[in-house]
file input-v8.tsv (TSV, C-alpha atoms and all ligand atoms)
chain	number	residue	atom	x	y	z
U	1	MET	CA	95.61	97.07	118.50
U	2	THR	CA	94.78	100.79	118.75
U	3	PHE	CA	97.61	101.76	121.09
U	4	LYS	CA	100.06	99.56	119.22
U	5	GLN	CA	98.84	101.03	115.94
U	6	ASP	CA	99.35	104.52	117.43
U	7	ILE	CA	102.99	103.53	118.03
U	8	ILE	CA	103.27	102.20	114.47
U	9	ASP	CA	101.71	105.40	113.08
U	10	ALA	CA	104.12	107.62	115.04
U	11	LEU	CA	107.17	105.57	114.00
U	12	THR	CA	106.03	105.40	110.37
U	13	LEU	CA	105.32	109.12	110.13
U	14	ALA	CA	108.76	109.80	111.68
U	15	TYR	CA	110.58	107.26	109.45
U	16	PRO	CA	113.57	107.24	108.79
U	17	GLN	CA	114.11	109.41	111.84
U	18	ILE	CA	115.05	107.66	115.10
U	19	LEU	CA	112.76	108.49	118.04
U	20	THR	CA	113.26	107.95	121.75
U	21	PHE	CA	110.90	106.19	124.14
U	22	GLU	CA	110.46	109.59	125.84
U	23	ASN	CA	109.40	111.22	122.53
U	24	LEU	CA	106.91	108.44	121.84
U	25	ALA	CA	105.45	108.43	125.34
U	26	SER	CA	104.88	112.17	125.34
U	27	GLU	CA	103.47	112.17	121.79
U	28	LEU	CA	101.04	109.42	122.71
U	29	MET	CA	100.35	110.85	126.16
U	30	ALA	CA	101.17	107.51	127.77
U	31	SER	CA	103.65	106.22	130.31
U	32	GLN	CA	107.02	104.99	129.08
U	33	GLU	CA	106.29	101.60	130.71
U	34	ARG	CA	103.18	101.24	128.57
U	35	VAL	CA	105.13	102.12	125.41
U	36	VAL	CA	107.95	99.68	126.28
U	37	LYS	CA	105.45	96.88	126.95
U	38	SER	CA	103.61	97.41	123.65
U	39	VAL	CA	106.83	97.74	121.65
U	40	THR	CA	108.11	94.46	123.14
U	41	GLU	CA	104.87	92.74	122.17
U	42	LEU	CA	105.08	94.12	118.63
U	43	GLN	CA	108.68	92.87	118.36
U	44	GLU	CA	107.57	89.43	119.57
U	45	GLN	CA	105.01	89.45	116.74
U	46	ASN	CA	107.88	90.09	114.27
U	47	TYR	CA	107.20	93.73	113.51
U	48	PRO	CA	110.50	95.28	112.32
U	49	ILE	CA	111.08	97.62	115.26
U	50	SER	CA	114.67	98.14	116.41
U	51	THR	CA	115.50	99.49	119.84
U	52	GLN	CA	118.84	100.44	121.29
U	53	GLY	CA	118.92	101.94	124.74
U	54	ARG	CA	116.40	104.80	124.63
U	55	ASP	CA	116.27	104.91	120.83
U	56	ILE	CA	113.59	103.30	118.73
U	57	HIS	CA	113.03	103.15	114.96
U	58	LEU	CA	111.55	101.06	112.17
U	59	ALA	CA	113.59	99.03	109.70
U	60	TYR	CA	111.05	100.14	107.09
U	61	PRO	CA	107.69	101.99	107.15
U	62	LEU	CA	104.61	99.99	108.14
U	63	LEU	CA	101.01	100.36	107.01
U	64	SER	CA	99.46	103.39	108.68
U	65	VAL	CA	96.13	105.06	107.95
U	66	PRO	CA	97.37	108.64	108.60
U	67	ALA	CA	100.38	107.99	106.34
U	68	ILE	CA	98.09	106.74	103.53
U	69	LEU	CA	95.62	109.61	103.91
U	70	LYS	CA	98.44	112.16	103.76
U	71	GLN	CA	99.22	110.96	100.22
U	72	LEU	CA	95.80	109.88	98.96
U	73	GLU	CA	94.52	111.87	95.98
U	74	THR	CA	91.35	109.96	95.12
U	75	ASP	CA	87.69	110.95	95.16
U	76	PHE	CA	86.17	107.73	96.48
U	77	ILE	CA	88.54	104.78	96.02
U	78	GLY	CA	90.22	104.11	99.39
U	79	LYS	CA	87.66	106.08	101.35
U	80	PRO	CA	87.45	105.13	104.10
U	81	VAL	CA	90.45	102.93	104.98
U	82	GLN	CA	90.22	100.23	107.64
U	83	LEU	CA	93.48	98.77	108.98
U	84	HIS	CA	93.53	95.60	111.07
U	85	ALA	CA	96.45	94.02	112.88
U	86	ARG	CA	95.53	90.48	111.90
U	87	LEU	CA	92.67	88.98	109.91
U	88	ASP	CA	92.19	85.49	108.55
U	89	SER	CA	91.73	87.07	105.11
U	90	THR	CA	90.90	90.66	104.16
U	91	ASN	CA	88.75	89.31	101.30
U	92	SER	CA	86.77	87.04	103.63
U	93	TYR	CA	86.33	89.92	106.10
U	94	ALA	CA	85.11	92.23	103.31
U	95	LYS	CA	82.66	89.62	102.04
U	96	GLU	CA	81.32	88.87	105.52
U	97	ASN	CA	80.82	92.58	106.29
U	98	LEU	CA	79.80	93.69	102.82
U	99	THR	CA	76.47	95.17	103.89
U	100	ASP	CA	78.24	97.62	106.20
U	101	LEU	CA	80.98	98.60	103.73
U	102	ILE	CA	80.65	101.36	101.18
U	103	ASN	CA	81.70	101.63	97.54
U	104	GLY	CA	85.44	102.31	97.43
U	105	GLU	CA	86.18	101.32	101.04
U	106	ILE	CA	89.36	99.35	101.62
U	107	ILE	CA	90.32	96.80	104.25
U	108	LEU	CA	94.01	96.40	105.05
U	109	ALA	CA	95.77	94.02	107.42
U	110	HIS	CA	99.33	93.88	108.70
U	111	GLU	CA	99.03	90.10	108.68
U	112	GLN	CA	96.71	87.39	107.34
U	113	THR	CA	96.47	83.99	108.95
U	114	ALA	CA	94.50	82.33	106.13
U	115	GLY	CA	95.13	84.44	103.03
U	116	LYS	CA	93.47	83.02	99.92
U	117	GLY	CA	94.58	82.65	96.33
U	118	ARG	CA	92.47	81.35	93.46
U	119	LEU	CA	91.02	77.83	93.47
U	120	GLY	CA	91.36	77.47	97.24
U	121	ARG	CA	95.12	78.04	97.17
U	122	ASN	CA	96.94	79.70	100.06
U	123	TRP	CA	98.47	83.15	100.08
U	124	THR	CA	101.21	83.89	102.65
U	125	SER	CA	101.26	87.38	104.17
U	126	PRO	CA	104.03	87.80	106.77
U	127	ALA	CA	103.34	90.34	109.57
U	128	GLY	CA	104.24	93.91	108.72
U	129	ALA	CA	106.25	92.97	105.64
U	130	SER	CA	103.47	92.59	103.09
U	131	ILE	CA	100.35	94.40	101.98
U	132	SER	CA	97.01	92.60	102.21
U	133	LEU	CA	94.33	94.84	100.75
U	134	SER	CA	90.71	94.33	99.77
U	135	LEU	CA	88.83	96.97	97.85
U	136	VAL	CA	85.02	96.94	97.91
U	137	LEU	CA	83.08	97.97	94.80
U	138	LYS	CA	79.34	98.35	94.70
U	139	SER	CA	78.54	99.34	91.14
U	140	ASP	CA	76.40	97.74	88.51
U	141	ILE	CA	78.92	95.99	86.33
U	142	PRO	CA	77.58	93.43	83.85
U	143	PHE	CA	78.60	89.98	85.05
U	144	GLU	CA	80.61	89.18	81.91
U	145	ARG	CA	82.76	92.28	82.41
U	146	ILE	CA	83.82	91.46	85.98
U	147	PRO	CA	86.91	89.43	84.85
U	148	LEU	CA	88.20	92.66	83.28
U	149	LEU	CA	88.63	94.04	86.79
U	150	THR	CA	91.53	91.63	87.32
U	151	GLN	CA	93.29	93.18	84.30
U	152	LEU	CA	92.37	96.70	85.41
U	153	THR	CA	93.85	95.95	88.85
U	154	ALA	CA	97.00	94.40	87.38
U	155	ALA	CA	97.57	97.47	85.17
U	156	SER	CA	97.03	99.77	88.18
U	157	LEU	CA	99.65	97.80	90.12
U	158	VAL	CA	102.14	98.13	87.24
U	159	LYS	CA	101.65	101.90	87.23
U	160	ALA	CA	101.79	102.15	91.03
U	161	LEU	CA	104.95	100.05	91.23
U	162	ASP	CA	106.78	101.91	88.47
U	163	ALA	CA	108.11	104.26	91.17
U	164	TRP	CA	110.27	101.30	92.27
U	165	ALA	CA	110.50	98.73	89.50
U	166	ASP	CA	109.48	97.69	86.00
U	167	VAL	CA	107.15	94.84	86.90
U	168	LYS	CA	105.49	92.45	84.46
U	169	ILE	CA	102.11	90.71	84.39
U	170	LYS	CA	101.54	87.01	84.04
U	171	TRP	CA	97.96	86.76	82.83
U	172	PRO	CA	95.54	86.73	84.48
U	173	ASN	CA	96.56	87.82	87.99
U	174	ASP	CA	100.27	87.53	88.81
U	175	ILE	CA	102.65	90.47	89.14
U	176	ILE	CA	106.21	89.49	88.34
U	177	LEU	CA	109.59	91.00	89.08
U	178	ASN	CA	112.76	89.36	87.77
U	179	ASN	CA	110.79	86.25	86.78
U	180	LYS	CA	109.34	85.73	90.25
U	181	LYS	CA	105.95	86.55	91.72
U	182	ILE	CA	105.73	89.60	93.98
U	183	ALA	CA	101.97	90.13	94.02
U	184	GLY	CA	98.68	88.46	93.18
U	185	VAL	CA	95.10	89.58	92.55
U	186	LEU	CA	91.92	87.75	93.59
U	187	VAL	CA	88.58	89.21	92.47
U	188	GLU	CA	85.54	87.78	94.25
U	189	THR	CA	81.83	88.51	93.94
U	190	GLU	CA	79.03	88.28	96.47
U	191	PHE	CA	75.43	87.78	95.38
U	192	SER	CA	72.16	88.22	97.17
U	193	GLY	CA	69.85	85.92	95.23
U	194	ARG	CA	70.48	86.92	91.63
U	195	SER	CA	71.60	90.46	92.27
U	196	LEU	CA	75.21	91.48	92.75
U	197	LYS	CA	75.79	92.66	96.33
U	198	GLY	CA	79.36	93.72	95.74
U	199	ILE	CA	82.76	92.94	94.30
U	200	VAL	CA	85.84	92.44	96.45
U	201	ILE	CA	89.21	92.99	94.82
U	202	GLY	CA	91.94	91.36	96.89
U	203	ILE	CA	95.59	92.22	96.41
U	204	GLY	CA	98.57	90.69	98.16
U	205	ILE	CA	101.95	92.36	97.66
U	206	ASN	CA	105.32	91.18	98.97
U	207	THR	CA	106.70	94.60	99.77
U	208	ASN	CA	109.42	94.21	102.40
U	209	VAL	CA	109.30	90.43	102.91
U	210	ASP	CA	112.65	88.85	103.69
U	211	GLN	CA	113.55	85.94	101.39
U	212	MET	CA	113.94	83.83	104.58
U	213	ASP	CA	110.26	84.39	105.41
U	214	ILE	CA	109.08	82.99	102.09
U	215	PRO	CA	107.97	79.37	102.52
U	216	GLU	CA	110.43	76.73	101.31
U	217	ASP	CA	108.20	75.49	98.48
U	218	LEU	CA	107.82	79.04	97.07
U	219	GLN	CA	111.49	80.02	97.21
U	220	SER	CA	112.08	79.42	93.49
U	221	LYS	CA	109.04	81.39	92.32
U	222	ALA	CA	108.31	84.11	94.90
U	223	THR	CA	110.21	87.18	95.97
U	224	SER	CA	109.64	90.67	97.39
U	225	ILE	CA	110.23	94.15	96.00
U	226	ARG	CA	112.72	94.85	98.79
U	227	GLU	CA	114.74	91.71	97.97
U	228	GLU	CA	114.90	92.49	94.25
U	229	LYS	CA	115.51	96.20	94.58
U	230	ALA	CA	117.73	95.78	97.66
U	231	GLY	CA	115.93	98.52	99.52
U	232	GLU	CA	112.86	98.97	101.66
U	233	ILE	CA	109.70	100.45	100.21
U	234	ASP	CA	106.98	102.55	101.81
U	235	PRO	CA	103.74	100.53	101.70
U	236	ASN	CA	101.64	103.64	102.33
U	237	LYS	CA	103.01	105.40	99.26
U	238	LEU	CA	102.40	102.24	97.24
U	239	VAL	CA	98.80	101.90	98.48
U	240	ALA	CA	98.05	105.59	97.76
U	241	ARG	CA	99.57	105.33	94.27
U	242	PHE	CA	97.68	102.12	93.52
U	243	LEU	CA	94.34	103.58	94.61
U	244	LYS	CA	94.85	106.66	92.44
U	245	HIS	CA	95.69	104.65	89.31
U	246	PHE	CA	92.83	102.25	90.01
U	247	GLU	CA	90.36	105.11	90.32
U	248	ASN	CA	91.54	106.70	87.06
U	249	PHE	CA	91.15	103.46	85.09
U	250	TYR	CA	87.93	102.45	86.85
U	251	VAL	CA	86.08	105.74	86.38
U	252	ALA	CA	87.07	105.82	82.70
U	253	PHE	CA	86.01	102.17	82.30
U	254	LEU	CA	82.58	102.71	83.90
U	255	GLY	CA	82.02	105.86	81.85
U	256	SER	CA	83.13	104.72	78.42
U	257	GLN	CA	83.41	100.93	78.72
U	258	HIS	CA	86.80	101.35	77.04
U	259	THR	CA	89.23	98.65	78.01
U	260	GLU	CA	92.22	99.77	75.93
U	261	PRO	CA	93.76	102.17	78.52
U	262	PHE	CA	94.47	99.28	80.91
U	263	LEU	CA	94.58	96.32	78.51
U	264	SER	CA	97.33	98.00	76.48
U	265	ILE	CA	99.45	98.01	79.67
U	266	CYS	CA	98.60	94.36	80.30
U	267	ARG	CA	99.83	93.53	76.78
U	268	GLU	CA	102.98	95.66	76.94
U	269	GLN	CA	103.95	94.23	80.32
U	270	SER	CA	102.92	90.64	79.59
U	271	VAL	CA	105.54	87.96	80.27
U	272	LEU	CA	103.53	85.46	78.23
U	273	ILE	CA	102.84	87.12	74.86
U	274	GLY	CA	105.11	85.93	72.06
U	275	LYS	CA	106.21	82.77	73.88
U	276	ASP	CA	105.12	79.14	74.16
U	277	TYR	CA	103.60	77.80	77.38
U	278	TRP	CA	101.77	74.80	78.79
U	279	ILE	CA	98.10	75.52	79.53
U	280	ILE	CA	97.06	73.22	82.34
U	281	ASP	CA	93.50	72.70	83.54
U	282	LYS	CA	91.80	69.94	85.51
U	283	GLU	CA	91.59	67.61	82.53
U	284	GLN	CA	94.59	68.27	80.32
U	285	LYS	CA	97.91	69.90	79.59
U	286	ARG	CA	98.37	71.48	76.13
U	287	LYS	CA	101.22	73.45	74.63
U	288	ALA	CA	100.26	76.79	73.07
U	289	SER	CA	101.78	79.91	71.56
U	290	ILE	CA	100.50	82.98	73.40
U	291	ARG	CA	99.36	85.67	70.91
U	292	THR	CA	97.73	88.58	72.72
U	293	ILE	CA	95.02	89.71	75.14
U	294	ASP	CA	91.75	90.50	73.35
U	295	PRO	CA	89.45	93.48	74.14
U	296	THR	CA	87.40	91.34	76.55
U	297	GLY	CA	90.51	90.56	78.61
U	298	GLY	CA	90.76	86.96	77.32
U	299	LEU	CA	94.10	85.35	76.43
U	300	VAL	CA	94.44	84.53	72.72
U	301	VAL	CA	96.46	81.36	72.16
U	302	THR	CA	97.20	78.97	69.31
U	303	TYR	CA	97.25	75.36	70.47
U	304	HIS	CA	100.06	73.31	68.96
U	305	ASP	CA	98.09	70.04	68.78
U	306	THR	CA	95.21	71.43	66.68
U	307	ASN	CA	96.84	74.61	65.28
U	308	LYS	CA	93.60	76.38	66.24
U	309	THR	CA	93.54	79.87	67.74
U	310	GLU	CA	91.23	80.25	70.73
U	311	VAL	CA	90.47	82.77	73.44
U	312	ILE	CA	90.91	81.59	77.02
U	313	THR	CA	88.50	83.32	79.37
U	314	SER	CA	88.52	80.91	82.29
U	315	THR	CA	91.09	81.80	84.91
U	316	ASP	CA	90.74	78.41	86.60
U	317	LEU	CA	93.92	77.13	85.02
U	318	SER	CA	97.69	77.28	85.34
U	319	ILE	CA	100.15	78.51	82.75
U	320	ARG	CA	103.66	77.11	83.03
U	321	GLY	CA	106.92	77.16	81.08
U	322	GLU	CA	108.77	73.96	80.16
U	323	HIS	CA	110.46	73.73	83.56
U	324	THR	CA	109.81	77.17	84.91
U	325	TYR	CA	107.07	79.29	86.45
U	326	VAL	CA	107.52	82.21	84.01
U	401	LIG	C1	96.77	84.83	93.80
U	401	LIG	O1	96.25	83.57	93.65
U	401	LIG	O2	97.84	85.18	93.40
U	401	LIG	C2	95.85	85.79	94.54
U	401	LIG	C3	96.46	86.28	95.81
U	401	LIG	C4	95.56	87.30	96.47
U	401	LIG	C5	95.97	87.57	97.88
U	401	LIG	C6	95.18	88.70	98.47
U	401	LIG	S1	95.83	89.26	99.97
U	401	LIG	C7	94.45	90.23	100.27
U	401	LIG	C8	93.25	89.40	99.84
U	401	LIG	N1	92.80	88.55	100.89
U	401	LIG	C9	92.97	87.26	100.60
U	401	LIG	O3	92.68	86.30	101.35
U	401	LIG	N2	93.48	87.15	99.36
U	401	LIG	C10	93.71	88.43	98.75
U	401	LIG	P1	96.90	82.42	92.78
U	401	LIG	O4	97.19	82.90	91.40
U	401	LIG	O5	96.00	81.25	92.95
U	401	LIG	O6	98.29	82.16	93.46
U	401	LIG	C11	98.39	81.42	94.65
U	401	LIG	C12	99.75	80.74	94.59
U	401	LIG	O7	100.79	81.74	94.71
U	401	LIG	C13	99.98	79.78	95.73
U	401	LIG	O8	99.52	78.50	95.41
U	401	LIG	C14	101.49	79.81	95.88
U	401	LIG	O9	102.09	78.96	94.91
U	401	LIG	C15	101.85	81.23	95.49
U	401	LIG	N3	101.99	82.12	96.66
U	401	LIG	C16	101.40	82.05	97.89
U	401	LIG	N4	101.76	83.07	98.67
U	401	LIG	C17	102.63	83.81	97.92
U	401	LIG	C18	103.34	85.00	98.16
U	401	LIG	N5	103.26	85.67	99.32
U	401	LIG	N6	104.13	85.47	97.16
U	401	LIG	C19	104.23	84.84	95.98
U	401	LIG	N7	103.58	83.70	95.69
U	401	LIG	C20	102.77	83.19	96.65

call {"tool": "encode", "arguments": {"input": "input-v8.tsv", "output": "structure tokens", "more": "lines below"}}
Ligand code: BT5
result
Amino acid sequence: MTFKQDIIDALTLAYPQILTFENLASELMASQERVVKSVTELQEQNYPISTQGRDIHLAYPLLSVPAILKQLETDFIGKPVQLHARLDSTNSYAKENLTDLINGEIILAHEQTAGKGRLGRNWTSPAGASISLSLVLKSDIPFERIPLLTQLTAASLVKALDAWADVKIKWPNDIILNNKKIAGVLVETEFSGRSLKGIVIGIGINTNVDQMDIPEDLQSKATSIREEKAGEIDPNKLVARFLKHFENFYVAFLGSQHTEPFLSICREQSVLIGKDYWIIDKEQKRKASIRTIDPTGGLVVTYHDTNKTEVITSTDLSIRGEHTYV
């Protein structure tokens, strides 16, 4: 991918300017034939590159390490950045290579062929149009506090995305725009015997995905930021913003153990709080009124059948409206 990624980097850094094949070839110190061949291959793989005669430009910016680094203001989160053309899953890659990865390192991919959600579900990540990111953490976090990282990540995404849209959170891990899902979070842990080897925080974001590229069965509940805001967004700016907000919350959390800075955002932006939903797990389906998110990150609900108020901590369940997703 390196030469193709060099082309993507040059086009992304130039965006929205239109370049010529001559410009690109001389910038990359390559022959025009080589550039044309690689661009054609990228187009065949559905990257949004438009060409007309000698002109070449992107429909929207693509992930690019130099473009992220230009905007990155963190101390250790997002350092270093790895970008892959295609992986089965950035989370699986991070877990498999955990020993060689350092605290704060991120793995990005233009495309995933077997992206994962929770409970063995699939996550679709169309080439070039979505962000697939895994962040590696190697700190000593007590096991019972790890679920809070999902909330910390969701709050960081809200803050990062506020440059484009007022997004909401559907506890525990869905990011919602106009009642449809635009992003999801999957936190995984890797143990070596009884000791924690590392935590992998996976984030999938539908940045510039075309509604047509969303699978048929997800059409009613999934969308992209570009579709809802009717304009393309720069994934590199979004990644840099997310990493900065994550670092701020995370450093404060490790230092003070305070959860309020990010949980207050999760409450304010919750689509669930104050409404009634069906809580569905393997065994049963119960109606409940959603009250709040408690300081441990659990969802406080009052079940209608027993009138008892309980805190849900397991995320191995689904929360659904009467006939709707949100
Ligand atoms: C999630 O799971 O929402 C977590 C998604 C995490 C994906 C990232 S991408 C980088 C990293 N590497 C990975 O392999 N994974 C992480 P869950 O709450 O279980 O939601 C999964 C459900 O969301 C699916 O069953 C579909 O209904 C729906 N879905 C799948 N792809 C989607 C998409 N692109 N946009 C919106 N909804 C989607």

call {"tool": "atom_distance", "arguments": {"input": "input-v8.tsv", "atom1": "atom CA of Ala114 of chain U", "atom2": "atom CA of Val187 of chain U"}}
result
16.4 Å

call {"tool": "residues_near_ligand", "arguments": {"input": "input-v8.tsv", "ligand": "ligand LIG 401 (chain U)", "cutoff": "8 Å", "atoms": "all atoms listed in the file", "output": "ChimeraX atom specification"}}
result
/U:88-92,108,112,114-126,130-134,173-174,180-186,201-206,214,217-218,221-224

call {"tool": "atom_distance", "arguments": {"input": "input-v8.tsv", "atom1": "atom CA of Ser314 of chain U", "atom2": "atom CA of Leu148 of chain U"}}
result
11.8 Å

call {"tool": "residues_around", "arguments": {"input": "input-v8.tsv", "residues": "Thr40 of chain U", "least_positions_apart": "6", "cutoff": "12 Å", "atoms": "all atoms listed in the file", "output": "ChimeraX atom specification"}}
result
/U:4,7,33-34,46-51,56

call {"tool": "closest_atom_pairs", "arguments": {"input": "input-v8.tsv", "of": "segment 200-281 of chain U", "to": "segment 9-17 of chain U", "cutoff": "12 Å", "atoms": "only C-alpha atoms", "output": "CSV"}}
result
residue,atom,partner,partner_atom,distance
U:Glu232,CA,U:Pro16,CA,10.9
U:Ile233,CA,U:Tyr15,CA,11.5
U:Asp234,CA,U:Thr12,CA,9.1
U:Pro235,CA,U:Thr12,CA,10.2
U:Asn236,CA,U:Thr12,CA,9.3
U:Lys237,CA,U:Thr12,CA,11.5

call {"tool": "closest_residue", "arguments": {"input": "input-v8.tsv", "among": "U:Phe249, U:Phe76, U:Trp164, U:Phe21", "to": "Leu137 of chain U", "atoms": "only C-alpha atoms"}}
result
U:Phe76
